[in-house]
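Participant: Contents of my_file.cif (mmCIF, C-alpha atoms) are below:
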```cif
data_my_file
#
loop_
_atom_site.label_atom_id
_atom_site.label_comp_id
_atom_site.auth_asym_id
_atom_site.auth_seq_id
_atom_site.Cartn_x
_atom_site.Cartn_y
_atom_site.Cartn_z
CA MET F 1 251.15 199.28 88.32
CA GLY F 2 248.47 201.36 89.90
CA THR F 3 247.50 203.21 86.75
CA GLU F 4 244.15 202.30 85.22
CA ASN F 5 244.14 201.03 81.66
CA PRO F 6 241.29 202.82 79.96
CA SER F 7 241.38 200.49 76.94
CA ALA F 8 240.55 197.33 78.94
CA PRO F 9 237.15 195.88 78.11
CA PRO F 10 234.48 196.34 80.70
CA ARG F 11 233.19 193.45 82.77
CA ALA F 12 231.33 190.92 80.66
CA GLN F 13 227.60 191.40 80.90
CA SER F 14 225.21 188.48 80.88
CA ARG F 15 222.91 188.25 77.87
CA ASN F 16 219.32 189.13 78.38
CA ARG F 17 217.25 185.98 78.76
CA GLY F 18 214.86 185.68 75.89
CA LYS F 19 216.93 187.70 73.45
CA ASN F 20 218.24 185.65 70.51
CA HIS F 21 217.53 182.43 72.40
CA ALA F 22 215.53 179.67 70.76
CA ASP F 23 214.25 178.32 74.07
CA ALA F 24 213.45 181.67 75.54
CA ARG F 25 210.04 182.03 77.14
CA PRO F 26 207.82 184.95 76.08
CA PHE F 27 207.26 187.73 78.58
CA ALA F 28 203.45 187.44 78.09
CA GLY F 29 200.87 184.89 76.81
CA VAL F 30 200.19 181.24 77.53
CA VAL F 31 202.88 178.77 78.44
CA HIS F 32 202.16 175.08 77.61
CA ASP F 33 202.92 172.36 80.11
CA ASN F 34 201.95 169.35 77.99
CA ALA F 35 202.00 165.63 78.71
CA ARG F 36 201.65 162.93 76.07
CA HIS F 37 198.26 161.22 76.21
CA THR F 38 198.29 157.44 75.78
CA GLU F 39 194.66 156.64 76.65
CA ASN F 40 191.23 158.26 76.94
CA PHE F 41 191.88 161.19 74.60
CA THR F 42 190.39 162.65 71.41
CA VAL F 43 192.28 164.14 68.47
CA ILE F 44 190.72 167.48 67.43
CA GLY F 45 192.13 169.54 64.60
CA ASN F 46 193.29 173.13 65.02
CA HIS F 47 191.08 174.07 62.09
CA LEU F 48 188.19 173.64 64.54
CA LEU F 49 189.72 174.92 67.75
CA GLN F 50 191.11 178.06 66.04
CA HIS F 51 188.27 178.57 63.58
CA PRO F 52 188.03 182.31 62.80
CA GLU F 53 184.26 182.34 62.34
CA LEU F 54 182.90 179.98 64.96
CA SER F 55 181.88 181.18 68.38
CA LEU F 56 183.59 179.87 71.47
CA LEU F 57 180.40 178.02 72.42
CA ALA F 58 180.23 176.34 69.00
CA ILE F 59 183.91 175.31 69.18
CA GLY F 60 183.51 173.85 72.65
CA LEU F 61 180.27 172.13 71.70
CA ALA F 62 181.93 170.60 68.61
CA GLY F 63 184.80 169.31 70.77
CA CYS F 64 182.34 167.77 73.19
CA ILE F 65 180.34 166.07 70.43
CA GLN F 66 183.50 164.63 68.82
CA SER F 67 184.66 163.15 72.14
CA VAL F 68 181.53 161.18 73.02
CA ARG F 69 180.88 157.58 71.98
CA PRO F 70 178.75 156.78 68.89
CA GLY F 71 175.08 156.63 69.79
CA THR F 72 175.24 159.32 72.50
CA ALA F 73 172.26 161.71 72.39
CA VAL F 74 173.39 165.20 71.21
CA ASP F 75 170.01 166.83 70.62
CA ILE F 76 169.22 170.28 72.02
CA LYS F 77 167.26 168.93 74.94
CA SER F 78 169.99 166.50 76.03
CA LEU F 79 172.75 169.11 75.69
CA ALA F 80 170.74 171.72 77.59
CA ALA F 81 170.32 169.23 80.43
CA ARG F 82 174.07 168.60 80.46
CA PHE F 83 175.45 172.16 80.21
CA PRO F 84 174.41 175.43 81.86
CA GLU F 85 173.84 177.18 78.52
CA GLY F 86 170.17 177.31 77.64
CA PRO F 87 168.44 175.65 74.65
CA THR F 88 168.50 178.87 72.65
CA ARG F 89 172.29 179.35 72.78
CA ILE F 90 172.91 175.61 72.20
CA ALA F 91 170.59 175.59 69.17
CA ALA F 92 172.46 178.60 67.74
CA ALA F 93 175.81 176.90 68.26
CA LEU F 94 174.56 173.74 66.52
CA ARG F 95 173.44 175.84 63.54
CA GLU F 96 176.92 177.36 63.36
CA LEU F 97 178.47 173.91 63.20
CA GLU F 98 176.02 172.90 60.46
CA THR F 99 176.87 175.99 58.44
CA HIS F 100 180.61 175.23 58.49
CA GLY F 101 180.22 171.49 57.84
CA TYR F 102 181.06 170.11 61.28
CA LEU F 103 177.56 168.78 61.80
CA HIS F 104 174.88 167.22 59.58
CA ARG F 105 171.37 166.71 60.88
CA THR F 106 168.59 164.91 58.96
CA ARG F 107 165.09 163.86 59.94
CA GLU F 108 164.18 160.23 59.16
CA ARG F 109 161.17 158.04 59.74
CA THR F 110 161.73 154.69 61.43
CA PRO F 111 159.90 151.48 60.36
CA THR F 112 157.50 152.07 63.29
CA GLY F 113 156.52 155.47 61.91
CA ARG F 114 158.44 157.54 64.45
CA VAL F 115 160.35 160.60 63.14
CA VAL F 116 163.88 160.94 64.56
CA THR F 117 166.80 163.32 63.99
CA ARG F 118 170.00 161.62 62.85
CA THR F 119 173.16 163.60 63.64
CA VAL F 120 176.49 163.00 61.90
CA SER F 121 179.61 164.69 63.35
CA CYS F 122 182.45 165.43 60.94
CA ASN F 123 185.88 166.11 62.47
CA LYS F 124 187.26 167.43 59.16
CA PRO F 125 184.72 168.97 56.82
CA GLY F 126 185.23 168.31 53.12
CA HIS F 127 187.27 165.12 53.44
CA ARG F 128 184.35 163.20 51.91
CA ALA F 129 180.74 163.77 50.95
CA ALA F 130 178.28 164.01 53.80
CA ARG F 131 176.25 160.89 54.36
CA GLU F 132 172.55 161.06 54.94
CA THR F 133 172.40 157.42 56.00
CA PRO F 134 174.70 155.43 58.24
CA SER F 135 177.73 153.99 56.55
CA PRO F 136 176.90 150.79 54.74
CA ARG F 137 178.33 147.53 55.88
CA PRO F 138 181.76 147.12 54.31
CA ALA F 139 181.91 144.58 51.55
CA ARG F 140 183.21 141.22 52.52
CA ARG F 141 186.88 141.03 51.95
CA ALA F 142 187.83 138.97 49.00
CA ALA F 143 188.96 135.55 49.86
CA GLN F 144 192.65 135.52 50.38
CA GLU F 145 194.66 133.67 47.86
CA LYS F 146 195.67 130.19 48.82
CA PRO F 147 199.10 130.01 50.34
CA PRO F 148 201.76 128.88 47.92
CA PRO F 149 202.07 125.11 47.77
CA ARG F 150 204.58 123.55 50.08
CA LYS F 151 207.90 122.81 48.45
CA ARG F 152 208.12 119.13 47.66
CA LEU F 153 210.59 116.96 49.50
CA PRO F 154 213.43 115.30 47.58
CA ALA F 155 212.75 111.82 46.27
CA VAL F 156 213.85 108.86 48.38
CA PRO F 157 214.84 105.32 47.36
CA ARG F 158 212.15 102.67 47.08
CA PRO F 159 212.33 99.09 48.36
CA SER F 160 211.94 96.31 45.86
CA CYS F 161 209.29 94.67 48.04
CA PRO F 162 207.40 97.24 50.17
CA ALA F 163 205.99 94.80 52.70
CA PRO F 164 203.78 96.36 55.43
CA THR F 165 206.03 95.03 58.20
CA LEU F 166 209.08 96.56 56.52
CA LEU F 167 207.40 99.96 56.14
CA GLN F 168 206.23 99.86 59.77
CA ALA F 169 209.80 99.15 60.91
CA ALA F 170 210.93 102.15 58.83
CA VAL F 171 208.31 104.40 60.48
CA ASP F 172 209.50 103.24 63.90
CA VAL F 173 213.05 104.26 62.99
CA LEU F 174 211.89 107.70 61.89
CA SER F 175 209.75 108.19 65.01
CA GLY F 176 212.75 107.51 67.23
CA LEU F 177 214.99 110.12 65.61
CA ARG F 178 213.59 112.89 67.83
CA HIS F 179 215.09 111.12 70.84
CA ARG F 180 218.52 111.55 69.25
CA ASP F 181 217.90 115.18 68.23
CA PRO F 182 214.70 117.14 69.08
CA ARG F 183 215.06 119.04 65.80
CA LEU F 184 214.20 115.82 63.94
CA LEU F 185 210.57 115.79 65.09
CA LEU F 186 208.69 114.81 61.91
CA SER F 187 205.06 115.16 60.93
CA ALA F 188 203.00 112.17 59.85
CA THR F 189 203.15 113.36 56.24
CA ASP F 190 206.94 113.64 56.31
CA ALA F 191 207.28 110.21 57.92
CA GLU F 192 205.06 108.69 55.24
CA HIS F 193 207.27 110.22 52.53
CA LEU F 194 210.54 109.08 54.13
CA ALA F 195 209.44 105.57 55.17
CA PRO F 196 210.13 103.92 51.77
CA GLY F 197 213.66 105.35 51.83
CA VAL F 198 214.38 103.85 55.26
CA ALA F 199 212.75 100.58 54.12
CA ALA F 200 215.18 100.47 51.19
CA TRP F 201 218.07 100.66 53.69
CA LEU F 202 216.57 97.96 55.89
CA GLU F 203 216.01 95.79 52.83
CA ARG F 204 219.73 96.00 52.12
CA GLU F 205 220.45 94.35 55.47
CA VAL F 206 221.26 97.61 57.30
CA THR F 207 220.24 97.44 60.95
CA PRO F 208 217.85 100.07 62.37
CA SER F 209 220.57 101.39 64.70
CA ALA F 210 222.91 101.86 61.71
CA VAL F 211 220.17 103.77 59.85
CA ARG F 212 219.60 106.05 62.84
CA HIS F 213 223.33 106.68 63.13
CA ALA F 214 223.61 107.60 59.43
CA LEU F 215 220.68 110.02 59.65
CA THR F 216 221.69 111.79 62.88
CA GLU F 217 225.49 111.88 62.66
CA ASN F 218 227.24 115.25 62.05
CA LEU F 219 224.11 117.37 61.82
CA PRO F 220 224.65 121.15 61.40
CA ASN F 221 224.56 123.26 64.54
CA GLU F 222 222.18 125.87 63.19
CA PRO F 223 218.38 125.37 63.33
CA LEU F 224 216.97 122.91 60.80
CA ILE F 225 214.37 124.68 58.68
CA ARG F 226 213.29 121.53 56.81
CA PRO F 227 214.56 118.46 58.68
CA ALA F 228 212.59 116.11 56.44
CA ALA F 229 214.39 117.47 53.35
CA LEU F 230 217.77 116.87 55.03
CA LEU F 231 216.83 113.29 55.90
CA ALA F 232 215.54 112.64 52.37
CA HIS F 233 218.84 113.86 50.93
CA ARG F 234 220.85 111.59 53.22
CA LEU F 235 218.68 108.57 52.47
CA ALA F 236 219.28 109.03 48.73
CA ALA F 237 222.91 110.18 48.77
CA GLN F 238 224.22 107.64 51.30
CA LEU F 239 222.20 104.61 50.16
CA PRO F 240 224.47 101.55 50.66
CA PRO F 241 224.96 99.03 47.82
CA PRO F 242 222.73 95.95 47.75
CA PRO F 243 224.05 92.89 49.58
CA PRO F 244 225.41 89.90 47.67
CA PHE F 245 222.72 87.81 46.00
CA ARG F 246 222.19 84.82 48.27
CA LEU F 247 219.86 82.28 46.75
CA GLU F 248 220.49 79.87 49.59
CA LYS F 249 218.80 82.17 52.13
CA VAL F 250 215.79 82.61 49.87
CA ALA F 251 215.54 78.86 49.35
CA ARG F 252 215.69 78.18 53.09
CA GLY F 253 213.00 80.78 53.70
CA LEU F 254 210.66 79.29 51.09
CA ALA F 255 211.21 75.79 52.42
CA SER F 256 209.47 76.81 55.67
CA PHE F 257 206.08 77.11 53.91
CA GLU F 258 203.64 74.41 52.91
CA PRO F 259 204.93 72.21 50.08
CA SER F 260 202.40 73.55 47.58
CA VAL F 261 203.29 77.17 48.42
CA THR F 262 206.99 76.38 48.29
CA ALA F 263 206.72 74.79 44.84
CA TYR F 264 204.68 77.72 43.52
CA TRP F 265 207.11 80.41 44.68
CA PHE F 266 210.14 78.43 43.55
CA GLU F 267 208.76 78.52 40.02
CA VAL F 268 207.93 82.24 40.33
CA VAL F 269 211.53 83.01 41.32
CA GLU F 270 212.84 80.86 38.46
CA LEU F 271 210.76 82.85 35.96
CA GLY F 272 212.03 86.08 37.44
CA LEU F 273 215.66 85.02 37.07
CA ALA F 274 215.07 84.48 33.34
CA ASN F 275 218.41 83.87 31.58
CA THR F 276 220.67 85.23 34.33
CA PRO F 277 223.61 83.15 35.58
CA HIS F 278 221.74 82.60 38.86
CA ARG F 279 218.99 80.52 37.23
CA GLU F 280 220.98 77.26 37.11
CA ASN F 281 221.97 77.69 40.77
CA TRP F 282 218.32 78.26 41.63
CA ARG F 283 217.30 75.08 39.79
CA GLN F 284 219.77 73.18 41.94
CA GLN F 285 218.18 74.70 45.03
CA MET F 286 214.80 73.53 43.72
CA ASN F 287 216.12 69.96 43.43
CA ASN F 288 217.39 70.10 46.98
CA VAL F 289 214.26 71.57 48.49
CA VAL F 290 211.22 70.62 46.42
CA THR F 291 210.50 66.91 46.60
CA HIS F 292 207.29 65.33 45.29
CA PHE F 293 206.06 62.35 47.28
CA PRO F 294 203.33 60.44 45.39
CA GLY F 295 200.21 59.81 47.43
CA HIS F 296 200.64 62.85 49.73
CA LYS F 297 198.01 64.82 47.77
CA THR F 298 200.15 67.92 47.40
CA TYR F 299 199.01 70.85 45.32
CA PHE F 300 201.02 69.89 42.27
CA GLU F 301 200.01 66.23 42.55
CA GLU F 302 196.33 67.10 42.68
CA LYS F 303 196.61 69.45 39.74
CA TYR F 304 198.53 66.85 37.80
CA LEU F 305 195.96 64.13 38.42
CA GLU F 306 193.10 66.50 37.55
CA GLY F 307 194.76 67.43 34.29
CA LYS F 308 195.49 63.83 33.44
CA ALA F 309 191.89 62.73 34.11
CA GLU F 310 190.53 65.65 32.10
CA GLY F 311 192.73 64.72 29.14
CA GLU F 312 191.64 61.09 29.22
CA ALA F 313 187.97 62.09 29.43
CA LYS F 314 188.30 64.32 26.38
CA GLY F 315 189.91 61.45 24.45
CA GLU F 316 187.10 59.02 25.35
CA ALA F 317 184.41 61.55 24.39
CA LYS F 318 186.12 62.22 21.07
CA GLY F 319 186.19 58.43 20.34
CA ILE F 320 182.46 58.04 21.13
CA LEU F 321 181.49 60.89 18.79
CA ARG F 322 183.75 59.58 16.05
CA ALA F 323 182.25 56.05 16.29
CA LEU F 324 178.71 57.37 16.00
CA GLU F 325 179.63 59.62 13.04
CA VAL F 326 181.26 56.71 11.15
CA ARG F 327 178.13 54.60 11.63
CA GLY F 328 175.95 57.48 10.42
CA VAL F 329 174.02 57.83 13.67
CA PRO F 330 172.50 61.34 13.83
CA LEU F 331 173.89 63.50 16.66
CA THR F 332 171.98 66.39 18.22
CA ASP F 333 173.65 69.31 20.01
CA GLU F 334 172.23 68.08 23.29
CA VAL F 335 173.86 64.66 22.85
CA ARG F 336 177.22 66.21 21.89
CA GLN F 337 177.11 68.50 24.92
CA ARG F 338 176.30 65.64 27.30
CA ILE F 339 179.11 63.45 25.95
CA THR F 340 181.79 66.16 25.97
CA ALA F 341 180.78 67.44 29.43
CA CYS F 342 181.11 64.03 31.09
CA THR F 343 184.30 63.47 33.11
CA ASP F 344 183.45 60.01 34.54
CA LEU F 345 185.87 57.63 32.79
CA ALA F 346 183.86 54.51 33.71
CA ARG F 347 180.70 55.90 32.17
CA LEU F 348 182.55 57.11 29.08
CA ASN F 349 184.00 53.62 28.59
CA ASP F 350 180.50 52.16 28.80
CA TRP F 351 179.24 54.66 26.21
CA LEU F 352 182.15 53.83 23.93
CA ASP F 353 181.21 50.15 24.05
CA ARG F 354 177.60 50.98 23.21
CA ALA F 355 178.53 53.38 20.39
CA GLY F 356 179.15 50.45 18.03
CA THR F 357 175.68 48.87 18.42
CA VAL F 358 173.03 51.48 19.35
CA GLU F 359 170.57 52.62 16.66
CA ARG F 360 170.01 56.07 18.16
CA ALA F 361 172.50 58.29 19.98
CA GLU F 362 170.05 58.79 22.83
CA ASP F 363 170.18 55.05 23.54
CA LEU F 364 173.72 55.53 24.91
CA PHE F 365 172.21 56.97 28.06
CA THR F 366 169.49 54.26 28.50
CA PRO F 367 170.62 51.04 30.17
CA GLY F 368 169.39 47.90 28.31
CA ALA F 369 168.89 49.67 24.99
CA ASP F 370 171.64 47.60 23.29
CA PRO F 371 169.91 45.00 21.00
CA THR F 372 172.83 42.61 21.37
CA GLU F 373 172.57 42.63 25.15
CA LEU F 374 171.11 39.37 26.48
CA PRO F 375 168.43 39.32 29.18
CA LYS F 376 169.62 38.56 32.66
CA ASP F 377 167.40 35.39 32.85
CA ALA F 378 168.58 34.00 29.45
CA PRO F 379 170.19 30.55 29.61
#
```
Represent the structure contained in this file as structure tokens.
Facilitator:
Amino acid sequence: MGTENPSAPPRAQSRNRGKNHADARPFAGVVHDNARHTENFTVIGNHLLQHPELSLLAIGLAGCIQSVRPGTAVDIKSLAARFPEGPTRIAAALRELETHGYLHRTRERTPTGRVVTRTVSCNKPGHRAARETPSPRPARRAAQEKPPPRKRLPAVPRPSCPAPTLLQAAVDVLSGLRHRDPRLLLSATDAEHLAPGVAAWLEREVTPSAVRHALTENLPNEPLIRPAALLAHRLAAQLPPPPPFRLEKVARGLASFEPSVTAYWFEVVELGLANTPHRENWRQQMNNVVTHFPGHKTYFEEKYLEGKAEGEAKGEAKGILRALEVRGVPLTDEVRQRITACTDLARLNDWLDRAGTVERAEDLFTPGADPTELPKDAP
């Protein structure tokens, strides 16, 4: 037990720090303790800082020039006033930078006649040709293409009679949908597109509350990308059938107008019904509602009397012209025009009586020109 085992391995030795270690620090030279800059810094390439041919003064001067703002004076006099190196050493360093392409200096004459030195600092020589003049103003960017047109909304039903009051009621229904669901906030353009569809529902005797319920019931839980498209689809897909055709309600509504208006629209509806089975029923409604009372000067009565008088006047004028032509009395265009244009039946009757005796057609219009007419003082 007390014998020593000569074959036992010696005590483990620690490895030398820095030998075969990736993170080992060198025994000599610089050690970097870097922090990442996020503001107020300048990026300078190693090709400048480790340039094999530039002097330390030229490298430092180049770094200083690259870090200043555009427009800062970097002439020999200004640099000599800023740094302890004299004008001679600074001028030599500037010439070094010019030789290796880090600096370009040109002399230019201003519009006032003054000669100035324009200095251009290049942080990477050779990346583009040196410019003797300041960079031109970049060309105006081409006008961006117009955004793609907005996808059209699905078509909606149309009312048979788009009355303004009906469309306004439809807009009111659409405006109130956002109170049921904030996702249904519609633009004015969307409301204008959807209003005829809601009007078609209202025209089919669907109440506004029923329309709102149909449009807002069982909406999806996810966000609505195009709420107007969803509403347009529901308005078209769930459109209820038209109500039964009730002529009695139309007749009662028309009967509330003036008699002349009622008679006019009753005939318009009858023409619209054409040869449908509802036409005979509508004619019965006309008999029950439209009654003509002579002497009340209704629209139809006035038109009838005007037409009757006009027809009688044309007949009288035609008889006068015929009587004169049979007798061979010459007729001028002026006489024909005056006879046919007259609508006074009493005067036409007087002319007809004279047409059998006058010698000239013009004598029809002159009282007392009839040779057979006796004087008023004759016995």
Participant: Go through F:Pro159, F:Gly328, F:Gly176, F:Pro125 and flag the residue nearest F:Leu48, using only C-alpha atoms for the distances.
Facilitator: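 Nearest candidate to F:Leu48 out of F:Pro159, F:Gly328, F:Gly176, F:Pro125: F:Pro125.
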Participant: Rounded to one decimal in Å, what is the spacing between atom CA of F:Glu312 and atom CA of F:Val326?
Facilitator: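 Distance reported for this atom pair: 21.3 Å.
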Participant: Can you work out the spacing between atom CA of F:Ser67 and atom CA of F:Gly29 in Å, to one decimal?
Facilitator: 27.5 Å
Participant: In terms of the shortest atom-to-atom distance over only C-alpha atoms, which of F:Ala195, F:Val74, F:Leu271, F:Val156 is closest to F:Thr119?
Facilitator: F:Val74
Participant: Once the PyMOL selection byres ((chain F and resi 196) around 8) has been evaluated on this model, what residues remain selected, and can you format them as a list in words?
Facilitator: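 Written out, the selection comes to Val156, Pro157, Arg158, Pro159, Pro162, Leu167, Ala170, Glu192, His193, Leu194, Ala195, Gly197, Val198, Ala199 and Ala200 of chain F.
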Participant: Could you spell out the hits of the PyMOL selection byres ((chain F and resi 346-348) around 10) on the shown file, as a PyMOL selection string?
Facilitator: chain F and resi 312-317+319-320+339-340+342-345+349-354+364-365
Participant: I'd like the neighbourhood of F:Arg234 as a list of chain:residue names, where a residue qualifies if any of its atoms comes within 12 Å (using all atoms listed in the file), though same-chain residues fewer than 6 positions away should be ignored.
Facilitator: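 Answer for this query is F:Pro154, F:Ala155, F:Val156, F:Pro157, F:Leu194, F:Gly197, F:Val198, F:Trp201, F:Val211, F:Arg212, F:His213, F:Ala214, F:Leu215, F:Thr216, F:Glu217, F:Asn218, F:Leu219, F:Pro227, F:Ala228, F:Pro240.
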Participant: Could you please determine the separation between atom CA of F:Glu280 and atom CA of F:Gly253 in Å, to one decimal place?
Facilitator: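 Separating atom CA of F:Glu280 from atom CA of F:Gly253 is a distance of 18.7 Å.
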Participant: Which residues are close to F:Gly60, i.e. within 12 Å by all atoms listed in the file, leaving aside same-chain residues fewer than 5 positions away? Reply as a list in words.
Facilitator: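 Contacts, in chain order: Ile44, Leu48, Leu49, Gln50, His51, Leu54, Ser55, Ile65, Gln66, Ser67, Phe83, Glu85, Ile90, Ala93, Leu94, Glu96 and Leu97 of chain F.
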Participant: Save the residues we just selected, C-alpha atoms, as a PDB file, in the frame of the given file?
Facilitator:
```pdb
ATOM      1  CA  ILE F  44     190.720 167.480  67.430  1.00  0.00           C
ATOM      2  CA  LEU F  48     188.190 173.640  64.540  1.00  0.00           C
ATOM      3  CA  LEU F  49     189.720 174.920  67.750  1.00  0.00           C
ATOM      4  CA  GLN F  50     191.110 178.060  66.040  1.00  0.00           C
ATOM      5  CA  HIS F  51     188.270 178.570  63.580  1.00  0.00           C
ATOM      6  CA  LEU F  54     182.900 179.980  64.960  1.00  0.00           C
ATOM      7  CA  SER F  55     181.880 181.180  68.380  1.00  0.00           C
ATOM      8  CA  ILE F  65     180.340 166.070  70.430  1.00  0.00           C
ATOM      9  CA  GLN F  66     183.500 164.630  68.820  1.00  0.00           C
ATOM     10  CA  SER F  67     184.660 163.150  72.140  1.00  0.00           C
ATOM     11  CA  PHE F  83     175.450 172.160  80.210  1.00  0.00           C
ATOM     12  CA  GLU F  85     173.840 177.180  78.520  1.00  0.00           C
ATOM     13  CA  ILE F  90     172.910 175.610  72.200  1.00  0.00           C
ATOM     14  CA  ALA F  93     175.810 176.900  68.260  1.00  0.00           C
ATOM     15  CA  LEU F  94     174.560 173.740  66.520  1.00  0.00           C
ATOM     16  CA  GLU F  96     176.920 177.360  63.360  1.00  0.00           C
ATOM     17  CA  LEU F  97     178.470 173.910  63.200  1.00  0.00           C
TER      18      LEU F  97
END
```
Participant: Measuring atom to atom with all atoms listed in the file, identify which of F:Lys318, F:Glu203, F:Asn40, F:Gly86 is nearest to F:Ala341.
Facilitator: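 When distances to F:Ala341 are compared using all atoms listed in the file, the smallest one comes from F:Lys318.
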